[in-house]
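What follows is the content of entry33.cif, which has mmCIF, C-alpha atoms:
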data_data
#
loop_
_atom_site.label_atom_id
_atom_site.label_comp_id
_atom_site.auth_asym_id
_atom_site.auth_seq_id
_atom_site.Cartn_x
_atom_site.Cartn_y
_atom_site.Cartn_z
CA MET A 1207 21.39 -1.18 -6.26
CA THR A 1208 18.03 -1.93 -7.85
CA THR A 1209 17.66 -4.71 -10.40
CA SER A 1210 14.56 -5.38 -12.47
CA LEU A 1211 13.90 -8.96 -13.54
CA ARG A 1212 11.19 -9.63 -16.10
CA LEU A 1213 9.83 -13.06 -16.98
CA ARG A 1214 7.21 -13.88 -19.57
CA ALA A 1215 5.14 -17.04 -19.69
CA GLY A 1216 2.56 -17.05 -22.44
CA GLY A 1217 0.79 -13.71 -22.17
CA LEU A 1218 1.57 -13.10 -18.50
CA ALA A 1219 4.31 -10.65 -17.67
CA VAL A 1220 5.73 -10.78 -14.15
CA ALA A 1221 8.18 -8.22 -12.83
CA LEU A 1222 10.15 -8.52 -9.63
CA LEU A 1223 11.86 -5.58 -7.98
CA VAL A 1224 15.02 -6.56 -6.12
CA THR A 1225 16.77 -3.95 -4.00
CA GLU A 1226 19.92 -5.50 -2.54
CA ALA A 1227 17.53 -7.81 -0.84
CA THR A 1228 16.52 -11.25 0.21
CA SER A 1229 13.38 -12.39 -1.60
CA THR A 1230 10.33 -13.00 0.58
CA GLY A 1231 9.14 -15.65 -1.85
CA CYS A 1232 6.07 -13.69 -2.92
CA GLY A 1233 7.35 -11.44 -5.66
CA THR A 1234 8.61 -8.74 -3.33
CA ALA A 1235 11.82 -8.11 -1.47
CA THR A 1236 13.08 -6.65 1.76
CA PRO A 1237 16.56 -5.15 2.19
CA ALA A 1238 18.91 -7.56 3.88
CA GLY A 1239 19.51 -6.81 7.55
CA TYR A 1240 16.26 -4.89 8.05
CA PRO A 1241 12.92 -5.98 9.50
CA ARG A 1242 10.73 -7.97 7.13
CA THR A 1243 7.60 -6.32 8.45
CA SER A 1244 6.49 -3.28 10.37
CA ALA A 1245 5.53 -5.56 13.25
CA ASP A 1246 9.23 -6.24 13.78
CA LEU A 1247 10.15 -2.61 14.34
CA HIS A 1248 10.88 -1.64 17.93
CA PRO A 1249 9.03 1.33 19.47
CA ALA A 1250 11.03 4.55 19.69
CA SER A 1251 10.04 8.03 20.86
CA ALA A 1252 6.32 7.36 20.75
CA HIS A 1253 4.00 10.20 19.79
CA ARG A 1254 6.75 12.34 18.26
CA SER A 1255 4.97 13.39 15.09
CA PRO A 1256 7.19 13.46 12.00
CA GLN A 1257 7.00 16.56 9.86
CA PRO A 1258 4.82 16.10 6.77
CA PRO A 1259 6.20 17.02 3.37
CA ALA A 1260 5.44 20.42 1.98
CA ALA A 1261 2.16 20.54 0.10
CA GLY A 1262 2.67 19.73 -3.53
CA PRO A 1263 1.20 21.60 -6.48
CA PRO A 1264 -2.54 21.29 -7.12
CA ILE A 1265 -3.52 17.97 -8.67
CA PRO A 1266 -4.61 18.52 -12.29
CA ALA A 1267 -8.33 18.02 -12.85
CA ALA A 1268 -7.76 16.04 -16.06
CA MET A 1269 -5.02 13.58 -16.84
CA PRO A 1270 -3.54 12.91 -20.29
CA ARG A 1271 -4.55 9.48 -21.54
CA THR A 1272 -1.85 6.88 -22.04
CA THR A 1273 -1.73 3.46 -23.61
CA ALA A 1274 0.64 2.17 -20.92
CA GLY A 1275 -0.43 -1.23 -19.56
CA VAL A 1276 1.72 -1.67 -16.45
CA VAL A 1277 0.34 -1.37 -12.91
CA VAL A 1278 2.95 -0.72 -10.19
CA ILE A 1279 2.06 -1.40 -6.56
CA ILE A 1280 3.83 0.73 -3.96
CA GLY A 1281 3.20 -0.68 -0.51
CA ALA A 1282 4.74 -2.41 2.48
CA SER A 1283 4.28 -5.72 4.30
CA VAL A 1284 0.60 -6.34 3.55
CA SER A 1285 0.97 -5.98 -0.22
CA GLY A 1286 4.34 -7.73 0.15
CA GLY A 1287 2.48 -10.84 1.32
CA TYR A 1288 3.73 -11.04 4.90
CA ARG A 1289 1.82 -13.82 6.71
CA ALA A 1290 0.25 -14.97 3.43
CA SER A 1291 1.14 -18.18 1.60
CA PRO A 1292 3.46 -17.78 -1.40
CA GLY A 1293 1.41 -16.55 -4.33
CA ALA A 1294 -1.69 -15.91 -2.18
CA ASP A 1295 -0.98 -12.21 -1.62
CA TRP A 1296 -3.46 -9.91 -3.32
CA PRO A 1297 -1.01 -8.50 -5.93
CA SER A 1298 -0.13 -12.02 -7.12
CA GLU A 1299 -3.78 -13.05 -7.21
CA LEU A 1300 -4.63 -9.87 -9.09
CA ALA A 1301 -1.95 -10.58 -11.71
CA GLY A 1302 -3.29 -14.10 -12.19
CA ARG A 1303 -6.86 -12.87 -12.43
CA LEU A 1304 -5.95 -10.31 -15.10
CA HIS A 1305 -4.05 -12.94 -17.07
CA ARG A 1306 -6.91 -15.46 -17.00
CA ALA A 1307 -9.29 -12.74 -18.20
CA GLY A 1308 -6.98 -11.96 -21.11
CA HIS A 1309 -6.43 -8.46 -19.75
CA PRO A 1310 -3.47 -6.69 -21.43
CA THR A 1311 -2.06 -5.47 -18.12
CA SER A 1312 1.02 -6.59 -16.20
CA VAL A 1313 1.55 -6.05 -12.48
CA VAL A 1314 4.82 -4.96 -10.87
CA ASN A 1315 4.81 -5.36 -7.09
CA ALA A 1316 7.38 -2.88 -5.77
CA SER A 1317 6.38 -3.26 -2.12
CA ILE A 1318 9.03 -3.12 0.62
CA SER A 1319 8.07 -4.28 4.11
CA ALA A 1320 8.21 -1.79 6.98
CA THR A 1321 8.17 1.28 4.75
CA ARG A 1322 5.99 4.34 5.31
CA LEU A 1323 4.48 7.06 3.15
CA LEU A 1324 5.96 10.19 4.74
CA ILE A 1325 9.35 9.35 6.22
CA ASP A 1326 12.19 6.86 5.66
CA ASN A 1327 12.67 4.09 8.21
CA GLY A 1328 16.43 4.09 7.77
CA PRO A 1329 18.82 2.88 5.07
CA GLY A 1330 17.08 0.56 2.64
CA LEU A 1331 13.60 1.49 3.85
CA PRO A 1332 12.76 4.65 1.89
CA SER A 1333 9.38 6.30 2.13
CA SER A 1334 6.89 5.92 -0.68
CA LEU A 1335 7.37 9.61 -1.47
CA THR A 1336 11.14 9.16 -1.67
CA ARG A 1337 11.03 6.15 -3.98
CA GLU A 1338 8.08 7.06 -6.19
CA ASP A 1339 10.20 8.18 -9.14
CA ARG A 1340 12.70 5.29 -8.98
CA ASP A 1341 10.41 2.37 -8.15
CA ALA A 1342 7.20 3.38 -9.91
CA LEU A 1343 7.46 6.17 -12.47
CA ALA A 1344 10.72 4.80 -13.92
CA VAL A 1345 9.11 1.42 -14.68
CA PRO A 1346 8.72 1.15 -18.48
CA GLY A 1347 5.09 1.30 -19.54
CA VAL A 1348 3.69 2.34 -16.17
CA GLY A 1349 0.20 3.76 -16.51
CA THR A 1350 -1.23 3.27 -13.02
CA ILE A 1351 0.30 3.23 -9.55
CA VAL A 1352 -1.56 1.60 -6.66
CA LEU A 1353 -0.53 3.31 -3.40
CA THR A 1354 -1.31 1.16 -0.37
CA ASP A 1355 -0.27 0.18 3.20
CA VAL A 1356 -0.49 3.71 4.61
CA ILE A 1357 -1.24 2.19 8.04
CA ASN A 1358 2.49 2.17 8.82
CA ASP A 1359 2.58 5.94 9.24
CA ILE A 1360 -0.07 5.56 11.95
CA GLN A 1361 0.94 2.39 13.79
CA GLN A 1362 4.74 2.68 13.68
CA THR A 1363 6.67 4.95 16.00
CA PRO A 1364 7.00 7.86 15.78
CA HIS A 1365 3.25 7.78 15.25
CA GLN A 1366 1.68 10.19 12.81
CA TYR A 1367 -1.77 10.89 14.20
CA ASP A 1368 -2.49 14.05 12.22
CA PRO A 1369 -4.73 13.06 9.29
CA ALA A 1370 -3.93 16.33 7.49
CA ALA A 1371 -0.23 15.39 7.42
CA ILE A 1372 -1.04 12.06 5.80
CA THR A 1373 -3.47 13.49 3.24
CA THR A 1374 -0.90 16.16 2.36
CA GLY A 1375 1.58 13.36 1.62
CA LEU A 1376 -0.99 11.53 -0.48
CA ARG A 1377 -1.66 14.65 -2.53
CA ALA A 1378 2.05 15.16 -3.10
CA PHE A 1379 2.44 11.56 -4.30
CA VAL A 1380 -0.47 11.94 -6.74
CA ALA A 1381 0.78 15.29 -8.04
CA THR A 1382 4.17 13.78 -8.85
CA ALA A 1383 2.54 10.90 -10.72
CA HIS A 1384 0.21 13.19 -12.64
CA ALA A 1385 3.13 15.34 -13.74
CA LYS A 1386 4.59 12.22 -15.39
CA GLY A 1387 1.30 11.16 -16.99
CA ALA A 1388 0.47 8.29 -14.61
CA LYS A 1389 -2.68 7.92 -12.57
CA VAL A 1390 -2.83 6.80 -8.94
CA VAL A 1391 -5.34 4.44 -7.37
CA GLY A 1392 -5.36 4.57 -3.58
CA THR A 1393 -6.57 2.06 -1.02
CA THR A 1394 -8.41 2.76 2.18
CA ILE A 1395 -6.63 1.73 5.37
CA PRO A 1396 -7.89 -1.55 6.87
CA PRO A 1397 -8.50 -1.77 10.64
CA TYR A 1398 -5.79 -2.74 13.09
CA GLY A 1399 -7.62 -3.03 16.41
CA GLY A 1400 -5.95 -5.59 18.67
CA PHE A 1401 -2.51 -5.01 17.14
CA GLU A 1402 0.23 -4.36 19.70
CA ARG A 1403 0.56 -0.66 18.81
CA TYR A 1404 -3.13 0.08 18.38
CA GLU A 1405 -4.30 3.26 20.10
CA ALA A 1406 -7.57 5.18 20.02
CA ALA A 1407 -5.80 8.23 18.57
CA GLY A 1408 -4.48 6.11 15.74
CA GLU A 1409 -7.95 4.74 15.04
CA HIS A 1410 -9.34 8.27 14.89
CA CYS A 1411 -6.62 9.21 12.39
CA ARG A 1412 -7.22 6.07 10.30
CA ARG A 1413 -10.93 6.82 9.98
CA ALA A 1414 -10.32 10.47 9.12
CA VAL A 1415 -7.83 9.54 6.38
CA ASN A 1416 -10.27 6.95 5.02
CA ASP A 1417 -13.02 9.56 4.90
CA ALA A 1418 -10.72 11.82 2.89
CA ILE A 1419 -9.76 8.99 0.54
CA ARG A 1420 -13.40 8.10 -0.08
CA HIS A 1421 -14.94 11.54 -0.34
CA THR A 1422 -12.42 14.20 -1.42
CA ARG A 1423 -11.14 12.78 -4.72
CA LEU A 1424 -7.56 12.45 -3.52
CA PHE A 1425 -7.00 9.66 -6.05
CA ASP A 1426 -8.02 8.77 -9.59
CA GLY A 1427 -9.67 5.66 -8.16
CA VAL A 1428 -10.17 3.98 -4.78
CA LEU A 1429 -9.95 0.34 -3.65
CA ASP A 1430 -11.88 0.02 -0.40
CA PHE A 1431 -9.77 -2.51 1.50
CA ASP A 1432 -11.19 -1.27 4.80
CA THR A 1433 -14.70 -2.35 3.84
CA ALA A 1434 -13.39 -5.63 2.40
CA LEU A 1435 -11.62 -6.65 5.63
CA LYS A 1436 -13.39 -5.04 8.60
CA ASP A 1437 -15.40 -7.04 11.11
CA PRO A 1438 -19.07 -5.93 10.94
CA ALA A 1439 -19.33 -6.61 14.67
CA ASP A 1440 -16.30 -4.40 15.45
CA PRO A 1441 -15.15 -2.11 12.60
CA THR A 1442 -11.91 -1.33 14.45
CA ARG A 1443 -10.75 -4.91 13.81
CA ILE A 1444 -10.14 -7.22 10.86
CA ARG A 1445 -12.84 -9.87 10.47
CA PRO A 1446 -11.60 -12.96 12.41
CA ALA A 1447 -11.81 -15.16 9.30
CA TYR A 1448 -9.42 -12.78 7.52
CA ASP A 1449 -6.98 -12.17 10.39
CA SER A 1450 -3.55 -13.84 10.25
CA GLY A 1451 -3.37 -13.63 14.03
CA ASP A 1452 -1.50 -10.38 14.63
CA HIS A 1453 -4.57 -8.22 13.89
CA LEU A 1454 -2.71 -6.17 11.26
CA HIS A 1455 -1.84 -8.51 8.40
CA PRO A 1456 -4.59 -10.45 6.59
CA ASN A 1457 -4.35 -14.17 5.96
CA ASP A 1458 -4.89 -15.89 2.59
CA ALA A 1459 -8.67 -15.51 2.85
CA GLY A 1460 -8.23 -11.82 3.63
CA HIS A 1461 -6.02 -11.26 0.61
CA HIS A 1462 -8.62 -13.06 -1.53
CA ALA A 1463 -11.36 -10.79 -0.15
CA MET A 1464 -9.24 -7.75 -1.01
CA VAL A 1465 -8.68 -8.75 -4.62
CA GLN A 1466 -12.35 -9.60 -5.11
CA ILE A 1467 -13.38 -5.95 -4.67
CA ILE A 1468 -10.94 -4.75 -7.37
CA ASP A 1469 -12.54 -3.73 -10.65
CA PRO A 1470 -9.80 -4.15 -13.31
CA ALA A 1471 -11.27 -1.17 -15.16
CA ARG A 1472 -10.06 1.05 -12.30
CA LEU A 1473 -6.48 0.01 -13.04
CA THR A 1474 -6.46 0.80 -16.75
CA PRO A 1475 -5.69 4.19 -18.33
#

Represent the structure from my file as structure tokens, please.
Amino acid sequence: MTTSLRLRAGGLAVALLVTEATSTGCGTATPAGYPRTSADLHPASAHRSPQPPAAGPPIPAAMPRTTAGVVVIIGASVSGGYRASPGADWPSELAGRLHRAGHPTSVVNASISATRLLIDNGPGLPSSLTREDRDALAVPGVGTIVLTDVINDIQQTPHQYDPAAITTGLRAFVATAHAKGAKVVGTTIPPYGGFERYEAAGEHCRRAVNDAIRHTRLFDGVLDFDTALKDPADPTRIRPAYDSGDHLHPNDAGHHAMVQIIDPARLTP
């Protein structure tokens, strides 16, 4: 069962998505009895590539304009604030920044830890493709969806190391949103070198997907979280000052660096 709770304080609207879950304390929730983060998932049948979804219809070149002012974030543990202090995750900081600037936009963080783009991770952990309609497009007033945390398709087992499979899933997600009059802003995939399931093949896939995100107009807008977080001395890793310690999830400073590269104009219709 999914319950939407909306609170309003002054001009700031905050929406929490609760899915039969225990709150993580950062505006997101994880289904009870399931891992709070992808790092908690146990390896299983490594290198068995899941089947990508069938290619969706072509993405329309032009989108109908809408006056909707709600931004919905569809992500996993990073956007859910895992390893960040309460309220220091980038979606919460973004909401506060928009409010202080008098921006007429509210942020709904519908992230669920340990979820992937292409395939479900079991009961209560639906893929972003599976839950797009329910958790994003059904939100009243949604105008923009931010699709993030695609690293889980690469680093979790079964690994998906075919960049074409991931970009096909991204196109399908965007096509569904466009058909409902919403635009999609995507994020590049930050580095994960040093993480326990890092592999060279996964790094190759991550870079190929990032190239597609940056250069092939997959999305209506791009937030370059890879550039915001990567270590200039070793682009396969998060900058040490931004690393929470597991080499996958950013710390508070990392989340702050992520939100600083966001132009609010990219999130408006």

At what distance in Å, to one decimal, does CA of Ala1307 in chain A lie from CA of Phe1431 in chain A?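 Going from CA of Phe1431 in chain A over to CA of Ala1307 in chain A covers 22.2 Å.
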
Which of A:Pro1441, A:Pro1470, A:Gly1399, A:Gly1281 sits closest to Gly1302 in chain A [using only C-alpha atoms]: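 The answer is A:Pro1470, which sits nearest to Gly1302 in chain A.
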
So which one's closest to Gln1466 in chain A, A:Ala1344, A:Ala1447, A:Gly1328, A:Ala1434? Using only C-alpha atoms, please.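 The answer is A:Ala1434, which sits nearest to Gln1466 in chain A.
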
At a cut-off of 12 Å, using all atoms listed in the file, what residues contact range 1449-1465 of chain A? Leave out same-chain residues fewer than 6 positions from it and give the result as a ChimeraX atom specification. /A:1243-1246,1282-1304,1319,1354-1355,1357-1358,1361-1362,1393-1404,1429-1437,1442-1443

Pick from A:Gly1392, A:Pro1332, A:Gly1427, A:Gly1308: nearest to Thr1474 in chain A, with all atoms listed in the file counted?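 Closest to Thr1474 in chain A of all the choices is A:Gly1427.
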
When distances are computed from all atoms listed in the file, which of A:Arg1445, A:Arg1472, A:Arg1306, A:His1365 shows the smallest separation from Val1352 in chain A?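 For Val1352 in chain A, the nearest of the given residues is A:Arg1472.
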
Proximity to Thr1321 in chain A - best of A:Gln1366, A:Leu1376, A:Ile1444, A:Ser1334, all atoms listed in the file: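 Looking only at the distances to Thr1321 in chain A, the closest residue turns out to be A:Ser1334.
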
Output of the PyMOL selection byres ((chain A and resi 1335-1342) around 8), listed as a PDB file with C-alpha atoms, in the frame of the given file:
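Now in out_29.pdb:
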ATOM      1  CA  VAL A1278       2.950  -0.720 -10.190  1.00  0.00           C
ATOM      2  CA  ILE A1279       2.060  -1.400  -6.560  1.00  0.00           C
ATOM      3  CA  ILE A1280       3.830   0.730  -3.960  1.00  0.00           C
ATOM      4  CA  ALA A1316       7.380  -2.880  -5.770  1.00  0.00           C
ATOM      5  CA  LEU A1323       4.480   7.060   3.150  1.00  0.00           C
ATOM      6  CA  LEU A1324       5.960  10.190   4.740  1.00  0.00           C
ATOM      7  CA  ILE A1325       9.350   9.350   6.220  1.00  0.00           C
ATOM      8  CA  ASP A1326      12.190   6.860   5.660  1.00  0.00           C
ATOM      9  CA  PRO A1332      12.760   4.650   1.890  1.00  0.00           C
ATOM     10  CA  SER A1333       9.380   6.300   2.130  1.00  0.00           C
ATOM     11  CA  SER A1334       6.890   5.920  -0.680  1.00  0.00           C
ATOM     12  CA  LEU A1343       7.460   6.170 -12.470  1.00  0.00           C
ATOM     13  CA  ALA A1344      10.720   4.800 -13.920  1.00  0.00           C
ATOM     14  CA  VAL A1345       9.110   1.420 -14.680  1.00  0.00           C
ATOM     15  CA  VAL A1348       3.690   2.340 -16.170  1.00  0.00           C
ATOM     16  CA  ILE A1351       0.300   3.230  -9.550  1.00  0.00           C
ATOM     17  CA  GLY A1375       1.580  13.360   1.620  1.00  0.00           C
ATOM     18  CA  ALA A1378       2.050  15.160  -3.100  1.00  0.00           C
ATOM     19  CA  PHE A1379       2.440  11.560  -4.300  1.00  0.00           C
TER      20      PHE A1379
END

Edge lengths and centre in Å to one decimal, as lines of an AutoDock Vina configuration file, of the axis-aligned box that encloses all listed atoms of range 1402-1410 of chain A with 8 Å added on every side?
center_x = -4.4
center_y = 2.0
center_z = 17.5
size_x = 25.9
size_y = 28.6
size_z = 21.2

Any chance you could work out the residue set of the PyMOL selection byres ((chain A and resi 1386) around 10) here, as an MDAnalysis selection string? chainID A and resid 1269:1270 1339 1343:1344 1348:1349 1381:1385 1387:1389
